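Structure, as structure tokens:
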Amino acid sequence: MKMPLEIARALLAIHAVGFTPETPVTFKSGIRSPVYVDNRRLPFHPREWRRVIEGFVTLIKSKTIEFDVIAGIETAGIPHSAALAYALERPSVFVRKEAKAHGTRSRIEGGDVAGSRVLLIEDLVTTGGSSLSGIAALREAGARVTDCLAIISYDLEEARAGFEAAAVRLHTLTSFADVLAEAKLTLPEAAIAAVEDWLRDPHGWAERRSR
């Protein structure tokens, strides 16, 4: 089985992906969705988590991504970035969402990234706002950031445009197409149809549903 389908199956097995077309979730951006992802569940499931970390290693090799330091975004990205850095024996830092109100007031914790090539790790990319803010903070600290790895992305247009504008390549272990391909084996057709409709137009989905 190809890696994207393996990762999709792992996420579904631990219920990290939830389908709630009748009770949509609302993202921070205000977008309402019939599907959500909670990759914070992964550390509780070592076998599936190991597959994710191994997937990151495979992706780095296949894309020939060069880096000196691995960074994770507070808080959900930190377990994955730390585990990956440990596996690869590379330095690891994390990026705060906001600067501390005391001490150095730095958003970068763990070490000096000035002059280093930093690989950013995210658990999930929605609109890309937190990732792009982290990239800006790393660059402000003197790092070079050209690539970001995520377990999965909703593949929203604003995220694609944001990463392109920042000149950062986004690589994901799996996609919602792969998740749906696996979910079709057990989910009702109506739930699958709702998610497919949302993926075609996430911003207009809630309004269409209310008609």
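As shown in the structure tokens, the chain order sets the letters A, B, ...; within each chain, residues go from 1, and ligands are also counted from 1 in the order they appear.
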Can you list every residue in range 165-196 of chain A that DSSP puts in helix (DSSP H, G or I), as a short mmCIF file (atom, residue, chain, number, x, y, z; two decimals) with N, CA and C atoms, in the first residue's frame?
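And here's part-v1.cif as it stands now:
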data_model
loop_
_atom_site.label_atom_id
_atom_site.label_comp_id
_atom_site.auth_asym_id
_atom_site.auth_seq_id
_atom_site.Cartn_x
_atom_site.Cartn_y
_atom_site.Cartn_z
N ALA A 165 3.12 32.59 -1.77
CA ALA A 165 3.60 33.95 -1.56
C ALA A 165 4.83 33.99 -0.65
N PHE A 176 -7.03 14.52 1.72
CA PHE A 176 -8.42 14.15 2.02
C PHE A 176 -8.98 13.22 0.96
N ALA A 177 -8.42 13.24 -0.24
CA ALA A 177 -8.85 12.28 -1.26
C ALA A 177 -8.52 10.86 -0.79
N ASP A 178 -7.33 10.69 -0.20
CA ASP A 178 -6.94 9.38 0.31
C ASP A 178 -7.77 8.99 1.52
N VAL A 179 -8.04 9.96 2.42
CA VAL A 179 -8.86 9.69 3.59
C VAL A 179 -10.25 9.24 3.17
N LEU A 180 -10.83 9.94 2.21
CA LEU A 180 -12.17 9.59 1.75
C LEU A 180 -12.19 8.23 1.06
N ALA A 181 -11.12 7.93 0.32
CA ALA A 181 -11.04 6.62 -0.35
C ALA A 181 -11.10 5.50 0.67
N GLU A 182 -10.44 5.69 1.81
CA GLU A 182 -10.48 4.68 2.87
C GLU A 182 -11.80 4.72 3.63
N ALA A 183 -12.31 5.93 3.89
CA ALA A 183 -13.54 6.09 4.67
C ALA A 183 -14.76 5.53 3.95
N GLU A 189 -22.98 6.83 2.60
CA GLU A 189 -22.77 7.61 1.38
C GLU A 189 -23.09 9.09 1.59
N ALA A 190 -24.09 9.39 2.42
CA ALA A 190 -24.49 10.78 2.65
C ALA A 190 -23.36 11.57 3.31
N ALA A 191 -22.65 10.95 4.23
CA ALA A 191 -21.54 11.63 4.90
C ALA A 191 -20.40 11.89 3.93
N ILE A 192 -20.09 10.91 3.11
CA ILE A 192 -19.03 11.08 2.11
C ILE A 192 -19.40 12.19 1.13
N ALA A 193 -20.67 12.21 0.69
CA ALA A 193 -21.13 13.23 -0.25
C ALA A 193 -21.02 14.62 0.35
N ALA A 194 -21.34 14.75 1.64
CA ALA A 194 -21.27 16.05 2.31
C ALA A 194 -19.83 16.56 2.34
N VAL A 195 -18.89 15.67 2.64
CA VAL A 195 -17.48 16.08 2.70
C VAL A 195 -16.96 16.41 1.31
N GLU A 196 -17.32 15.63 0.32
CA GLU A 196 -16.89 15.91 -1.05
C GLU A 196 -17.43 17.26 -1.51
#
Using only C-alpha atoms, I'd like a table of the residues in range 49-71 of chain A that come within 9 Å of range 106-126 of chain A; for each, show the closest atom pair and its distance in Å rounded to one decimal, ordered by chain and ascending number, as JSON lines.
{"residue": "A:Ile65", "atom": "CA", "partner": "A:Leu119", "partner_atom": "CA", "distance": 8.4}
{"residue": "A:Glu66", "atom": "CA", "partner": "A:Arg117", "partner_atom": "CA", "distance": 7.5}
{"residue": "A:Phe67", "atom": "CA", "partner": "A:Arg117", "partner_atom": "CA", "distance": 4.7}
{"residue": "A:Asp68", "atom": "CA", "partner": "A:Arg117", "partner_atom": "CA", "distance": 5.1}
{"residue": "A:Val69", "atom": "CA", "partner": "A:Val118", "partner_atom": "CA", "distance": 4.8}
{"residue": "A:Ile70", "atom": "CA", "partner": "A:Leu119", "partner_atom": "CA", "distance": 4.9}
{"residue": "A:Ala71", "atom": "CA", "partner": "A:Leu120", "partner_atom": "CA", "distance": 4.8}
Generate a file of the selected residues that holds C-alpha atoms, formatted as a PDB file, in the first residue's frame.
ATOM      1  CA  ILE A  65      14.948  18.264   1.551  1.00  0.00           C
ATOM      2  CA  GLU A  66      18.083  19.688   3.156  1.00  0.00           C
ATOM      3  CA  PHE A  67      17.927  21.232   6.614  1.00  0.00           C
ATOM      4  CA  ASP A  68      19.902  21.832   9.795  1.00  0.00           C
ATOM      5  CA  VAL A  69      17.151  22.255  12.394  1.00  0.00           C
ATOM      6  CA  ILE A  70      13.596  20.944  12.777  1.00  0.00           C
ATOM      7  CA  ALA A  71      10.900  23.258  14.159  1.00  0.00           C
TER       8      ALA A  71
END
ask   = Looking at A:Lys97, A:Arg209, A:Arg32, A:Arg139, which one is nearest to Ile78 in chain A, with distances taken over only C-alpha atoms?
value = A:Lys97
inquiry  = I want to know what sits within 7 Å of range 47-60 of chain A, based on only C-alpha atoms, with residues of the same chain fewer than 4 positions away left out; could you give that as a VMD selection string?
reply    = chain A and resid 7 10 42 to 43 64 to 65 84 173
Just-selected residues, N, CA and C atoms written as a CSV table (one decimal), in the first residue's frame:
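Below you can see selection_24.csv, which holds the result:
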chain,number,residue,atom,x,y,z
A,7,ILE,N,-1.2,6.3,5.8
A,7,ILE,CA,-1.3,7.3,6.8
A,7,ILE,C,-2.8,7.6,6.9
A,10,ALA,N,-4.3,5.0,9.1
A,10,ALA,CA,-3.8,5.1,10.5
A,10,ALA,C,-4.7,6.2,11.2
A,42,LEU,N,-2.5,11.2,18.1
A,42,LEU,CA,-1.5,10.3,17.6
A,42,LEU,C,-0.5,9.8,18.7
A,43,PRO,N,0.0,10.7,19.6
A,43,PRO,CA,1.0,10.2,20.6
A,43,PRO,C,0.4,9.1,21.5
A,64,THR,N,14.3,15.1,-1.2
A,64,THR,CA,15.7,15.6,-1.1
A,64,THR,C,15.7,17.0,-0.4
A,65,ILE,N,15.0,17.0,0.8
A,65,ILE,CA,14.9,18.3,1.6
A,65,ILE,C,16.2,18.4,2.5
A,84,LEU,N,10.5,13.5,15.4
A,84,LEU,CA,11.2,13.5,14.1
A,84,LEU,C,12.7,13.9,14.3
A,173,LEU,N,1.7,14.2,4.1
A,173,LEU,CA,1.8,12.7,4.1
A,173,LEU,C,0.6,12.1,3.5
request  = Using only C-alpha atoms, find the one residue out of A:Glu22, A:Glu140, A:Asp155, A:Glu89 that sits nearest to Ala206 in chain A.
outcome  = A:Glu22
key: Nearest candidate to Gly72 in chain A (options A:Pro24, A:Gly142, A:Pro46, A:Gly134; using only C-alpha atoms)   = A:Gly134
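Close contacts of Glu157 in chain A, defined as residues with an atom at most 10 Å away when counting only C-alpha atoms, with chain neighbours fewer than 4 positions off set aside, comprise Thr126, Thr127, Gly128, Ala161, Gly162, Asp201 and Pro202 of chain A.
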message = For the strand (DSSP E) assignment from backbone DSSP, which residues of range 77-176 of chain A qualify? Please present them as a PyMOL selection string.
response = chain A and resi 92-95+108-109+118-125+147-153+169-172
inquiry  = For a quick check of understanding, using only C-alpha atoms, which of A:Asn39, A:Ser29, A:Ser92, A:Ser81 has the smallest distance to Ser153 in chain A?
reply    =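 Distance minimum relative to Ser153 in chain A lands on A:Asn39.
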